[in-house]
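Peer 1: Dropping in work.csv, with CSV, C-alpha atoms and all ligand atoms.
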chain,number,residue,atom,x,y,z
Y,1,MET,CA,19.5,16.8,22.3
Y,2,THR,CA,17.9,14.6,19.7
Y,3,GLU,CA,16.9,16.4,16.5
Y,4,GLN,CA,13.2,16.3,15.4
Y,5,VAL,CA,12.1,15.6,11.8
Y,6,GLN,CA,8.5,16.4,10.9
Y,7,ILE,CA,6.7,13.8,8.8
Y,8,PHE,CA,3.7,15.1,6.9
Y,9,GLU,CA,1.5,12.1,6.2
Y,10,VAL,CA,-0.1,12.6,2.8
Y,11,GLY,CA,-1.4,9.1,2.0
Y,12,PRO,CA,-5.1,9.7,2.5
Y,13,ARG,CA,-4.9,12.5,-0.1
Y,14,ASP,CA,-1.9,12.0,-2.4
Y,15,GLY,CA,-2.3,8.2,-2.2
Y,16,LEU,CA,-6.0,7.8,-2.5
Y,17,GLN,CA,-6.5,10.5,-5.1
Y,18,ASN,CA,-4.8,8.1,-7.5
Y,19,GLU,CA,-6.7,4.9,-6.7
Y,20,LYS,CA,-8.9,3.9,-9.6
Y,21,ALA,CA,-11.0,1.5,-7.5
Y,22,LYS,CA,-13.6,2.9,-5.2
Y,23,ILE,CA,-12.6,3.4,-1.6
Y,24,SER,CA,-15.5,4.3,0.6
Y,25,SER,CA,-15.7,7.5,2.8
Y,26,GLU,CA,-15.9,5.2,5.9
Y,27,GLN,CA,-12.6,3.5,4.9
Y,28,LYS,CA,-10.9,6.8,4.3
Y,29,ILE,CA,-12.1,8.0,7.7
Y,30,GLU,CA,-10.8,4.9,9.4
Y,31,LEU,CA,-7.4,5.3,7.8
Y,32,VAL,CA,-7.1,8.9,9.0
Y,33,ASP,CA,-8.2,7.8,12.5
Y,34,LEU,CA,-5.6,5.1,12.6
Y,35,LEU,CA,-2.9,7.6,11.5
Y,36,SER,CA,-4.0,10.0,14.3
Y,37,ASP,CA,-3.5,7.2,16.8
Y,38,ALA,CA,0.0,6.4,15.5
Y,39,GLY,CA,1.3,9.8,16.5
Y,40,PHE,CA,1.3,11.8,13.3
Y,41,SER,CA,0.9,15.4,14.0
Y,42,LYS,CA,0.2,16.5,10.4
Y,43,ILE,CA,-2.1,14.5,8.2
Y,44,GLU,CA,-3.3,15.6,4.7
Y,45,VAL,CA,-6.8,14.3,4.8
Y,46,THR,CA,-8.2,15.1,1.4
Y,47,SER,CA,-8.5,17.7,-1.3
Y,48,PHE,CA,-11.3,20.2,-2.2
Y,49,VAL,CA,-10.8,20.1,-5.9
Y,50,SER,CA,-13.2,19.8,-8.8
Y,51,PRO,CA,-15.0,16.4,-8.7
Y,52,LYS,CA,-14.9,16.4,-12.5
Y,53,TRP,CA,-11.1,16.5,-12.3
Y,54,VAL,CA,-10.5,14.2,-9.4
Y,55,PRO,CA,-13.6,12.1,-8.7
Y,56,GLN,CA,-11.7,10.1,-6.0
Y,57,MET,CA,-11.8,13.2,-3.7
Y,58,LYS,CA,-15.5,14.2,-4.2
Y,59,ASP,CA,-16.4,13.0,-0.7
Y,60,ALA,CA,-13.9,15.5,0.8
Y,61,PRO,CA,-16.5,17.2,3.1
Y,62,ILE,CA,-17.8,13.8,4.4
Y,63,VAL,CA,-14.3,12.6,5.2
Y,64,MET,CA,-13.1,15.8,6.8
Y,65,LYS,CA,-16.2,16.0,8.9
Y,66,GLY,CA,-16.2,12.3,9.8
Y,67,ILE,CA,-12.7,11.9,11.3
Y,68,LYS,CA,-12.1,11.7,15.0
Y,69,ARG,CA,-10.0,14.8,15.8
Y,70,LYS,CA,-7.1,14.2,18.1
Y,71,PRO,CA,-5.9,17.2,20.0
Y,72,GLY,CA,-2.5,18.4,18.6
Y,73,VAL,CA,-3.0,16.9,15.2
Y,74,THR,CA,-3.3,19.3,12.2
Y,75,TYR,CA,-5.8,18.0,9.6
Y,76,ALA,CA,-4.9,19.6,6.2
Y,77,ALA,CA,-6.5,19.7,2.8
Y,78,LEU,CA,-5.6,20.9,-0.7
Y,79,THR,CA,-7.4,23.9,-2.0
Y,80,PRO,CA,-6.7,25.0,-5.6
Y,81,ASN,CA,-9.0,28.1,-5.5
Y,82,LYS,CA,-11.3,30.2,-3.3
Y,83,MET,CA,-14.2,27.8,-3.8
Y,84,GLY,CA,-12.1,24.9,-2.5
Y,85,TYR,CA,-11.0,27.0,0.4
Y,86,GLN,CA,-14.5,27.8,1.4
Y,87,PHE,CA,-15.5,24.1,1.3
Y,88,ALA,CA,-12.4,23.1,3.3
Y,89,ARG,CA,-13.1,25.7,5.9
Y,90,LYS,CA,-16.7,24.7,6.3
Y,91,ALA,CA,-15.7,21.1,6.7
Y,92,GLY,CA,-13.2,22.0,9.4
Y,93,ALA,CA,-9.7,21.8,7.8
Y,94,ASP,CA,-7.0,23.2,10.2
Y,95,GLU,CA,-4.6,24.0,7.4
Y,96,VAL,CA,-4.8,24.3,3.6
Y,97,ALA,CA,-2.4,23.9,0.8
Y,98,ILE,CA,-2.2,25.6,-2.6
Y,99,PHE,CA,-0.4,23.9,-5.3
Y,100,ALA,CA,1.7,25.5,-8.1
Y,101,ALA,CA,4.1,23.9,-10.5
Y,102,ALA,CA,7.5,24.7,-11.9
Y,103,SER,CA,6.5,23.6,-15.3
Y,104,GLU,CA,3.9,25.5,-17.5
Y,105,THR,CA,2.6,22.3,-19.2
Y,106,PHE,CA,2.1,20.6,-15.9
Y,107,SER,CA,0.3,23.6,-14.5
Y,108,GLN,CA,-2.1,23.6,-17.4
Y,109,ARG,CA,-2.7,19.9,-17.2
Y,110,ASN,CA,-3.1,19.8,-13.4
Y,111,ILE,CA,-5.0,23.0,-12.6
Y,112,ASN,CA,-6.0,24.3,-16.1
Y,113,CYS,CA,-4.1,27.6,-16.0
Y,114,SER,CA,-0.6,29.1,-16.4
Y,115,ILE,CA,1.8,29.4,-13.5
Y,116,ALA,CA,1.2,33.2,-13.4
Y,117,ASP,CA,-2.6,32.8,-13.4
Y,118,SER,CA,-2.4,30.1,-10.6
Y,119,ILE,CA,-0.6,32.7,-8.4
Y,120,GLU,CA,-3.4,35.1,-9.0
Y,121,ARG,CA,-5.9,32.4,-8.1
Y,122,PHE,CA,-4.1,31.6,-4.9
Y,123,GLN,CA,-4.2,35.3,-3.6
Y,124,PRO,CA,-7.9,35.2,-2.5
Y,125,VAL,CA,-7.2,31.8,-0.8
Y,126,ILE,CA,-4.3,33.3,1.2
Y,127,GLU,CA,-6.4,36.4,2.0
Y,128,ALA,CA,-9.3,34.4,3.3
Y,129,ALA,CA,-7.0,31.9,5.2
Y,130,THR,CA,-5.1,34.8,6.8
Y,131,ALA,CA,-8.3,36.4,8.0
Y,132,ASP,CA,-9.4,33.0,9.4
Y,133,LYS,CA,-5.9,32.4,10.9
Y,134,ILE,CA,-5.5,29.2,8.9
Y,135,PRO,CA,-1.9,28.3,7.8
Y,136,VAL,CA,-1.3,27.9,4.1
Y,137,ARG,CA,1.3,25.5,2.8
Y,138,GLY,CA,2.5,25.8,-0.8
Y,139,TYR,CA,3.4,22.9,-3.1
Y,140,ILE,CA,5.6,23.2,-6.1
Y,141,SER,CA,5.2,20.2,-8.5
Y,142,CYS,CA,7.8,19.2,-11.0
Y,143,ALA,CA,10.6,20.6,-8.8
Y,144,VAL,CA,13.2,18.5,-10.7
Y,145,ALA,CA,11.4,17.1,-13.7
Y,146,CYS,CA,8.1,17.3,-15.5
Y,147,PRO,CA,6.3,14.4,-17.3
Y,148,TYR,CA,5.8,16.7,-20.3
Y,149,GLU,CA,8.8,19.0,-20.4
Y,150,GLY,CA,11.6,16.9,-18.9
Y,151,ALA,CA,14.3,18.4,-16.7
Y,152,ILE,CA,13.3,21.6,-14.8
Y,153,ASP,CA,15.7,24.5,-14.2
Y,154,PRO,CA,16.4,24.8,-10.5
Y,155,GLU,CA,16.2,28.7,-10.8
Y,156,ALA,CA,12.5,28.3,-11.9
Y,157,VAL,CA,11.8,26.4,-8.6
Y,158,ALA,CA,13.6,29.1,-6.6
Y,159,ARG,CA,11.6,31.8,-8.3
Y,160,ILE,CA,8.2,30.2,-7.5
Y,161,THR,CA,9.3,29.3,-4.0
Y,162,LYS,CA,10.0,33.0,-3.4
Y,163,ILE,CA,6.7,34.1,-4.8
Y,164,LEU,CA,4.7,31.6,-2.7
Y,165,LEU,CA,6.5,32.6,0.5
Y,166,ASP,CA,6.0,36.3,-0.4
Y,167,ILE,CA,2.3,35.8,-0.8
Y,168,GLY,CA,2.0,34.2,2.6
Y,169,CYS,CA,2.8,30.4,2.6
Y,170,TYR,CA,4.4,29.3,5.8
Y,171,GLU,CA,6.3,26.4,4.1
Y,172,ILE,CA,7.0,25.2,0.6
Y,173,SER,CA,6.8,21.5,-0.2
Y,174,LEU,CA,9.1,20.7,-3.1
Y,175,GLY,CA,7.5,17.9,-5.2
Y,176,ASP,CA,9.4,15.4,-7.2
Y,177,THR,CA,6.1,14.6,-8.8
Y,178,ILE,CA,7.3,11.8,-11.1
Y,179,GLY,CA,10.0,10.5,-8.8
Y,180,ALA,CA,12.8,11.2,-11.4
Y,181,GLY,CA,15.1,13.0,-8.9
Y,182,THR,CA,18.4,11.7,-7.9
Y,183,PRO,CA,20.5,13.0,-4.9
Y,184,GLU,CA,22.5,15.1,-7.5
Y,185,THR,CA,19.4,16.8,-9.1
Y,186,ILE,CA,17.6,17.2,-5.7
Y,187,VAL,CA,20.7,18.9,-4.2
Y,188,ALA,CA,21.1,21.2,-7.3
Y,189,MET,CA,17.5,22.2,-6.9
Y,190,LEU,CA,17.8,22.7,-3.1
Y,191,GLU,CA,20.9,24.8,-3.5
Y,192,ALA,CA,19.1,27.2,-5.8
Y,193,VAL,CA,16.1,27.4,-3.5
Y,194,LEU,CA,18.2,27.9,-0.4
Y,195,LYS,CA,19.5,31.1,-2.0
Y,196,VAL,CA,16.0,32.6,-1.6
Y,197,THR,CA,14.9,31.1,1.8
Y,198,GLU,CA,16.0,29.0,4.8
Y,199,ALA,CA,15.8,25.2,5.1
Y,200,ASP,CA,13.2,25.5,7.9
Y,201,LYS,CA,10.7,26.9,5.3
Y,202,LEU,CA,11.1,23.9,3.0
Y,203,ALA,CA,9.8,20.3,2.9
Y,204,GLY,CA,10.7,17.4,0.6
Y,205,HIS,CA,7.8,15.6,-1.2
Y,206,TYR,CA,9.4,12.9,-3.2
Y,207,HIS,CA,7.6,10.2,-5.2
Y,208,ASP,CA,9.4,6.9,-5.4
Y,209,THR,CA,9.1,6.0,-9.1
Y,210,GLY,CA,12.9,5.7,-9.6
Y,211,ASN,CA,13.4,4.1,-6.1
Y,212,ARG,CA,15.6,7.0,-5.2
Y,213,ALA,CA,13.3,8.8,-2.8
Y,214,LEU,CA,15.0,7.6,0.3
Y,215,ASN,CA,18.4,8.6,-1.0
Y,216,ASN,CA,16.9,12.0,-2.0
Y,217,ILE,CA,15.6,12.5,1.6
Y,218,GLU,CA,19.1,11.6,3.0
Y,219,ALA,CA,20.7,14.2,0.6
Y,220,SER,CA,18.0,16.7,1.7
Y,221,LEU,CA,18.8,16.1,5.4
Y,222,GLU,CA,22.4,17.0,4.7
Y,223,LYS,CA,21.1,20.3,3.2
Y,224,GLY,CA,19.2,21.0,6.5
Y,225,ILE,CA,15.7,20.0,5.4
Y,226,ARG,CA,13.7,18.6,8.4
Y,227,THR,CA,10.2,18.1,7.0
Y,228,PHE,CA,9.3,15.4,4.6
Y,229,ASP,CA,6.0,14.2,3.1
Y,230,SER,CA,5.4,10.5,2.9
Y,231,ALA,CA,2.4,8.1,2.3
Y,232,ILE,CA,1.5,5.1,4.4
Y,233,GLY,CA,2.2,2.0,2.4
Y,234,GLY,CA,3.8,4.1,-0.4
Y,235,LEU,CA,0.3,4.8,-1.7
Y,236,GLY,CA,-0.2,7.3,-4.5
Y,237,GLY,CA,0.8,9.1,-7.6
Y,238,CYS,CA,-0.8,12.1,-9.4
Y,239,PRO,CA,-3.7,11.7,-11.9
Y,240,TYR,CA,-2.1,14.4,-14.1
Y,241,ALA,CA,1.4,12.9,-14.0
Y,242,PRO,CA,1.3,9.7,-16.1
Y,243,GLY,CA,3.3,6.9,-14.6
Y,244,ALA,CA,4.0,8.7,-11.3
Y,245,LYS,CA,4.4,6.1,-8.5
Y,246,GLY,CA,3.4,6.6,-4.9
Y,247,ASN,CA,5.1,8.8,-2.4
Y,248,ILE,CA,7.9,7.4,-0.5
Y,249,SER,CA,6.5,4.9,2.0
Y,250,THR,CA,6.2,6.4,5.5
Y,251,SER,CA,7.6,3.4,7.3
Y,252,ALA,CA,10.7,3.4,5.1
Y,253,VAL,CA,11.3,7.1,6.0
Y,254,VAL,CA,10.6,6.6,9.7
Y,255,ASP,CA,13.0,3.6,9.9
Y,256,MET,CA,15.8,5.5,8.2
Y,257,LEU,CA,15.3,8.5,10.4
Y,258,HIS,CA,15.1,6.5,13.6
Y,259,ARG,CA,18.2,4.6,12.5
Y,260,GLN,CA,20.0,7.9,12.0
Y,261,GLY,CA,19.0,9.0,15.5
Y,262,PHE,CA,16.3,11.5,14.5
Y,263,GLU,CA,13.0,11.7,16.5
Y,264,THR,CA,9.7,11.7,14.6
Y,265,GLY,CA,7.1,11.3,17.4
Y,266,ILE,CA,5.7,8.4,15.4
Y,267,ASP,CA,4.9,5.0,17.0
Y,268,ARG,CA,6.8,2.8,14.5
Y,269,ALA,CA,5.1,-0.4,15.7
Y,270,ALA,CA,1.7,1.1,14.9
Y,271,LEU,CA,2.6,1.5,11.2
Y,272,ASP,CA,2.6,-2.2,10.4
Y,273,PRO,CA,-1.1,-2.9,11.0
Y,274,ILE,CA,-2.0,0.3,9.2
Y,275,GLU,CA,0.0,-0.9,6.2
Y,276,VAL,CA,-1.9,-4.2,6.3
Y,277,PHE,CA,-5.2,-2.2,6.5
Y,278,VAL,CA,-4.1,-0.1,3.5
Y,279,GLY,CA,-3.1,-3.1,1.5
Y,280,LYS,CA,-6.4,-4.8,2.1
Y,281,LEU,CA,-8.3,-1.6,1.3
Y,282,VAL,CA,-6.7,-1.3,-2.1
Y,283,THR,CA,-6.9,-5.0,-2.9
Y,284,GLU,CA,-10.6,-5.3,-1.9
Y,285,ALA,CA,-11.4,-2.2,-3.9
Y,286,ILE,CA,-9.7,-3.6,-7.0
Y,287,GLU,CA,-11.6,-6.9,-6.6
Y,288,ASP,CA,-14.8,-5.1,-6.1
Y,289,SER,CA,-14.4,-3.0,-9.2
Y,290,LYS,CA,-13.5,-6.1,-11.2
Y,291,GLN,CA,-16.7,-7.8,-10.1
Y,292,LYS,CA,-18.7,-4.8,-11.1
Y,293,LEU,CA,-17.2,-5.0,-14.6
Y,294,HIS,CA,-18.4,-8.6,-15.0
K,301,LIG,P1,-11.5,24.5,-14.2
K,301,LIG,O1,-12.3,23.6,-15.0
K,301,LIG,O2,-10.6,25.5,-15.0
K,301,LIG,O3,-12.3,25.4,-13.1
K,301,LIG,O4,-10.6,23.7,-13.2
K,301,LIG,P2,-13.6,26.2,-13.2
K,301,LIG,O5,-13.4,27.3,-12.2
K,301,LIG,O6,-13.9,26.6,-14.6
K,301,LIG,O7,-14.7,25.2,-12.7
K,301,LIG,C1,-15.1,24.1,-13.4
K,301,LIG,C2,-16.2,23.3,-12.6
K,301,LIG,O8,-15.5,22.8,-11.4
K,301,LIG,C3,-17.3,24.2,-12.1
K,301,LIG,O9,-18.4,23.3,-12.0
K,301,LIG,C4,-16.9,24.6,-10.8
K,301,LIG,O10,-18.0,24.9,-9.9
K,301,LIG,C5,-16.2,23.3,-10.3
K,301,LIG,P3,-19.6,23.2,-13.1
K,301,LIG,O11,-20.1,24.6,-13.2
K,301,LIG,O12,-18.9,22.8,-14.4
K,301,LIG,O13,-20.5,22.2,-12.6
K,301,LIG,N1,-15.1,23.7,-9.3
K,301,LIG,C6,-15.0,23.1,-8.1
K,301,LIG,N2,-15.8,22.2,-7.4
K,301,LIG,C7,-15.4,21.8,-6.2
K,301,LIG,N3,-14.3,22.3,-5.6
K,301,LIG,C8,-13.5,23.2,-6.2
K,301,LIG,C9,-13.9,23.6,-7.5
K,301,LIG,N4,-13.3,24.5,-8.3
K,301,LIG,C10,-14.1,24.5,-9.4
K,301,LIG,N5,-12.4,23.7,-5.6
K,301,LIG,C11,-9.5,23.4,-11.1
K,301,LIG,C12,-9.7,24.3,-12.3
K,301,LIG,C13,-8.3,24.0,-10.3
K,301,LIG,C14,-10.8,23.5,-10.3
K,301,LIG,C15,-9.3,21.9,-11.6
K,301,LIG,O14,-8.3,21.9,-12.5
K,301,LIG,C16,-8.9,21.0,-10.4
K,301,LIG,O15,-9.7,20.8,-9.6
K,301,LIG,N6,-7.7,20.5,-10.5
K,301,LIG,C17,-7.2,19.7,-9.4
K,301,LIG,C18,-6.3,18.6,-9.9
K,301,LIG,C19,-5.7,17.8,-8.8
K,301,LIG,O16,-6.3,17.7,-7.7
K,301,LIG,N7,-4.5,17.2,-9.0
K,301,LIG,C20,-3.9,16.4,-8.0
K,301,LIG,C21,-3.4,17.2,-6.8
K,301,LIG,S1,-1.8,18.0,-7.1
K,301,LIG,C22,-0.7,16.7,-6.8
K,301,LIG,O17,-1.0,15.6,-6.6
K,301,LIG,C23,0.8,17.1,-6.7
K,301,LIG,C24,1.3,17.2,-5.3
K,301,LIG,O18,1.1,15.9,-4.6
K,301,LIG,C25,2.8,17.6,-5.2
K,301,LIG,C26,3.6,16.7,-6.2
K,301,LIG,O19,3.6,15.5,-6.0
K,301,LIG,O20,4.2,17.3,-7.1
K,301,LIG,C27,0.5,18.3,-4.4
K,302,MG,MG,2.5,14.3,-4.8
For the structure just supplied, provide its representation as structure tokens.
Peer 2:
Amino acid sequence: MTEQVQIFEVGPRDGLQNEKAKISSEQKIELVDLLSDAGFSKIEVTSFVSPKWVPQMKDAPIVMKGIKRKPGVTYAALTPNKMGYQFARKAGADEVAIFAAASETFSQRNINCSIADSIERFQPVIEAATADKIPVRGYISCAVACPYEGAIDPEAVARITKILLDIGCYEISLGDTIGAGTPETIVAMLEAVLKVTEADKLAGHYHDTGNRALNNIEASLEKGIRTFDSAIGGLGGCPYAPGAKGNISTSAVVDMLHRQGFETGIDRAALDPIEVFVGKLVTEAIEDSKQKLH
């Protein structure tokens, strides 16, 4: 039997949160609809965060409410606190994600609190989501390296993984936020994390700054990981991780997986026109913002 790998498409959120140029809500909705038609079963649509912190995502309710919902597709959103959860729920998110970090400095810069305080803040999100039967995913940023603190101890990642699973996350997405990981550092981190949980509770979320993300996915496959986050067209970065490049490009991951005989459920041919759409979207938005400056 062919083995399945789950691709979690995060381009509309992780990608577009980092675009300085203005992308309209209609364009964001069109992107999500194209992704639904291409066979993705999990799409991270947007984030319900403070518009002062990430203005690119301030139209989250419009986008979440505007998409055409395809049966069988999970439309997810980031929610850093109870307020974000309530907005996401009202807008119809099927799944939410809380996001912690393995680095104290990154936690402060990204969500304005310590790691311990962030866990406290996530509890009411989990309680509300559990009552509503909404699955909660957990992210851990800086799972191998931090833009402010450098290399991160794999044991710190394992500790936070356990906490997030214990409070009720169904899966932990391990973020190489700045794309500094190599197969060696990723495997060292996974080996520590696999002492506290099973591979089927983990996902790889690797940015491609060092052009190693694909190698890191291959190394993770060998460790039994079968869920990976990727972004169409390699869109993305993180506004609080200077220099962070986009997530690994979805078509690159799908090509590699299909070549290795894994099934993804994704219509590979449908990705090319979506990449063209994304390329145009970003170029036009940049041109538009340049004209406004003149
Ligand atoms: P804070 O300033 O400490 O929060 O920010 P606060 O509770 O004091 O609220 C400040 C203001 O924000 C208030 O408004 C709140 O109402 C409002 P004011 O009274 O000043 O007008 N507010 C909100 N508005 C809308 N939705 C909300 C919300 N919460 C508060 N949910 C906070 C704390 C967490 C809110 C802020 O730091 C924040 O929004 N951070 C998000 C940063 C972010 O989105 N980063 C990118 C995503 S993470 C990422 O990309 C990494 C990942 O991809 C994995 C990887 O690659 O590693 C997931
Ligand atoms: Mg990311």
Peer 1: Taking only C-alpha atoms into account, name the residue in Y:Val144, Y:Ala231, Y:Leu165, Y:Met256 that is nearest to Phe8 (chain Y).
Peer 2: Y:Ala231
Peer 1: As a VMD selection string, please: every protein or nucleic acid residue near ligand MG 302 (chain K) (cut-off 8 Å, counting only C-alpha atoms and all ligand atoms).
Peer 2: chain Y and resid 14 141 175 to 177 205 to 207 236 to 238 246 to 247
Peer 1: Within 6 Å of ligand LIG 301 (chain K), which residues of chain Y come that close, and what is the closest atom pair and distance in Å for each? Count only C-alpha atoms and all ligand atoms and give it as CSV.
Peer 2:
residue,atom,partner,partner_atom,distance
Y:Asp14,CA,K:LIG301,O18,5.4
Y:Phe48,CA,K:LIG301,N3,5.0
Y:Val49,CA,K:LIG301,O15,3.9
Y:Ser50,CA,K:LIG301,O15,3.7
Y:Pro51,CA,K:LIG301,C7,6.0
Y:Trp53,CA,K:LIG301,O15,5.3
Y:Val54,CA,K:LIG301,O16,5.7
Y:Pro80,CA,K:LIG301,C13,5.1
Y:Asn81,CA,K:LIG301,N5,5.6
Y:Met83,CA,K:LIG301,N5,4.8
Y:Gly84,CA,K:LIG301,N5,3.3
Y:Phe99,CA,K:LIG301,C27,5.7
Y:Asn110,CA,K:LIG301,C18,4.9
Y:Ile111,CA,K:LIG301,O14,3.5
Y:Asn112,CA,K:LIG301,O2,4.9
Y:Tyr139,CA,K:LIG301,C27,5.6
Y:Ser141,CA,K:LIG301,O20,3.4
Y:Cys142,CA,K:LIG301,O20,5.6
Y:Gly175,CA,K:LIG301,O20,3.9
Y:Asp176,CA,K:LIG301,O20,5.5
Y:Thr177,CA,K:LIG301,O20,3.7
Y:Cys238,CA,K:LIG301,O17,4.5
Peer 1: Those residues with C-alpha atoms, as an mmCIF file, in the frame of the given file please?
Peer 2:
data_model
loop_
_atom_site.group_PDB
_atom_site.id
_atom_site.type_symbol
_atom_site.label_atom_id
_atom_site.label_comp_id
_atom_site.auth_asym_id
_atom_site.auth_seq_id
_atom_site.Cartn_x
_atom_site.Cartn_y
_atom_site.Cartn_z
ATOM 1 C CA ASP Y 14 -1.900 12.000 -2.400
ATOM 2 C CA PHE Y 48 -11.300 20.200 -2.200
ATOM 3 C CA VAL Y 49 -10.800 20.100 -5.900
ATOM 4 C CA SER Y 50 -13.200 19.800 -8.800
ATOM 5 C CA PRO Y 51 -15.000 16.400 -8.700
ATOM 6 C CA TRP Y 53 -11.100 16.500 -12.300
ATOM 7 C CA VAL Y 54 -10.500 14.200 -9.400
ATOM 8 C CA PRO Y 80 -6.700 25.000 -5.600
ATOM 9 C CA ASN Y 81 -9.000 28.100 -5.500
ATOM 10 C CA MET Y 83 -14.200 27.800 -3.800
ATOM 11 C CA GLY Y 84 -12.100 24.900 -2.500
ATOM 12 C CA PHE Y 99 -0.400 23.900 -5.300
ATOM 13 C CA ASN Y 110 -3.100 19.800 -13.400
ATOM 14 C CA ILE Y 111 -5.000 23.000 -12.600
ATOM 15 C CA ASN Y 112 -6.000 24.300 -16.100
ATOM 16 C CA TYR Y 139 3.400 22.900 -3.100
ATOM 17 C CA SER Y 141 5.200 20.200 -8.500
ATOM 18 C CA CYS Y 142 7.800 19.200 -11.000
ATOM 19 C CA GLY Y 175 7.500 17.900 -5.200
ATOM 20 C CA ASP Y 176 9.400 15.400 -7.200
ATOM 21 C CA THR Y 177 6.100 14.600 -8.800
ATOM 22 C CA CYS Y 238 -0.800 12.100 -9.400
#
Peer 1: With all atoms listed in the file as the basis for distance, which of Y:Tyr240, Y:Phe106, Y:Tyr170, Y:Phe228 is at the shortest distance from Ile7 (chain Y)?
Peer 2: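 Between Y:Tyr240, Y:Phe106, Y:Tyr170, Y:Phe228, the residue approaching Ile7 (chain Y) most closely is Y:Phe228.
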Peer 1: Please indicate the distance in Å from CA of Ala77 (chain Y) to CA of Glu104 (chain Y), rounded to one decimal place.
Peer 2: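 We find that CA of Ala77 (chain Y) and CA of Glu104 (chain Y) lie 23.5 Å from each other.
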Peer 1: Hey, can you pull every residue with an atom no more than 12 Å from (-5.5, 8.8, 10.2), using all atoms listed in the file, and send it as an MDAnalysis selection string?
Peer 2: chainID Y and resid 8:13 26:46 63:64 66:70 73:76 231:232 270:271 274:275 277:278
Peer 1: What is the distance between CA of Lys223 (chain Y) and CA of Leu78 (chain Y), in Å to one decimal?
Peer 2: 27.0 Å
Peer 1: So that I can check the surroundings of region 117-134 of chain Y, please list as a compact mmCIF listing (two decimals) with C-alpha atoms, keeping the file's coordinate frame every protein, DNA and RNA residue that reaches within 7 Å of it, counting all atoms listed in the file and ignoring chain neighbours fewer than 5 positions away.
Peer 2:
# COMPACT_ATOMS: atom_id res chain seq x y z
CA ASN Y 81 -9.00 28.10 -5.50
CA LYS Y 82 -11.30 30.20 -3.30
CA TYR Y 85 -11.00 27.00 0.40
CA ASP Y 94 -7.00 23.20 10.20
CA GLU Y 95 -4.60 24.00 7.40
CA ILE Y 98 -2.20 25.60 -2.60
CA ALA Y 100 1.70 25.50 -8.10
CA GLY Y 168 2.00 34.20 2.60
Peer 1: Between Y:Ile115, Y:Met57, Y:Ile178, Y:Val5, which residue has the minimum interatomic distance to Ile225 (chain Y), considering only C-alpha atoms?
Peer 2: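 So, comparing all the options, the nearest one is Y:Val5.
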Peer 1: Of the candidates Y:Glu149, Y:Glu218, Y:Glu284, Y:Asp267, which shows the shortest atom-to-atom distance to Val253 (chain Y), using all atoms listed in the file?
Peer 2: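 For Val253 (chain Y), the nearest of the candidates is Y:Glu218.
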Peer 1: Taking 5 positions as the minimum chain separation for residues in the same chain, which residues sit within 10 Å of Glu171 (chain Y) when counting only C-alpha atoms? Answer as a PyMOL selection string.
Peer 2: chain Y and resi 97+135-139+161+164-165+199-203+227
Peer 1: Which residues come within 8 Å of Thr182 (chain Y), counting all atoms listed in the file, excluding same-chain residues fewer than 4 positions away, as a ChimeraX atom specification?
Peer 2: /Y:186,212-213,215-216
Peer 1: Would you compute the distance between CA of Gly204 (chain Y) and CA of Leu174 (chain Y)? Give it in Å to one decimal.
Peer 2: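 Distance between the two atoms: 5.2 Å.
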Peer 1: Could you tell me which of Y:Gly72, Y:Pro147, Y:Gly233, Y:Gly92 comes closest to Arg109 (chain Y) if we count only C-alpha atoms?
Peer 2: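 Using only C-alpha atoms, the shortest distance to Arg109 (chain Y) belongs to Y:Pro147.
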Peer 1: Once 5 Å is added on each side, what are the centre and the three edge lengths, in Å to one decimal, of the axis-aligned box enclosing the listed atoms of region 135-138 of chain Y? Present them as JSON.
Peer 2:
{"center_x": 0.3, "center_y": 26.9, "center_z": 3.5, "size_x": 14.4, "size_y": 12.8, "size_z": 18.6}
Peer 1: Taking 5 positions as the minimum chain separation for residues in the same chain, which residues sit within 12 Å of Glu3 (chain Y) when counting only C-alpha atoms? Answer as number ranges by chain.
Peer 2: Y: 221, 224-227, 257-258, 260-265
Peer 1: Write out as a short mmCIF file (atom, residue, chain, number, x, y, z; two decimals) with C-alpha atoms, in the coordinates of the input the residues lying within 6 Å of Gly179 (chain Y), counting only C-alpha atoms and excluding same-chain residues fewer than 5 positions away.
Peer 2:
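Final output, saved to out-v2.cif:
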data_model
loop_
_atom_site.label_atom_id
_atom_site.label_comp_id
_atom_site.auth_asym_id
_atom_site.auth_seq_id
_atom_site.Cartn_x
_atom_site.Cartn_y
_atom_site.Cartn_z
CA HIS Y 207 7.60 10.20 -5.20
CA ASP Y 208 9.40 6.90 -5.40
CA THR Y 209 9.10 6.00 -9.10
CA GLY Y 210 12.90 5.70 -9.60
#
Peer 1: Identify which of the residues Y:Lys58, Y:Arg159, Y:Gly150, Y:Ala91 lies closest to Ala116 (chain Y), counting all atoms listed in the file when measuring atom-to-atom distances.
Peer 2: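 Once distances to Ala116 (chain Y) are computed over all atoms listed in the file, the minimum belongs to Y:Arg159.
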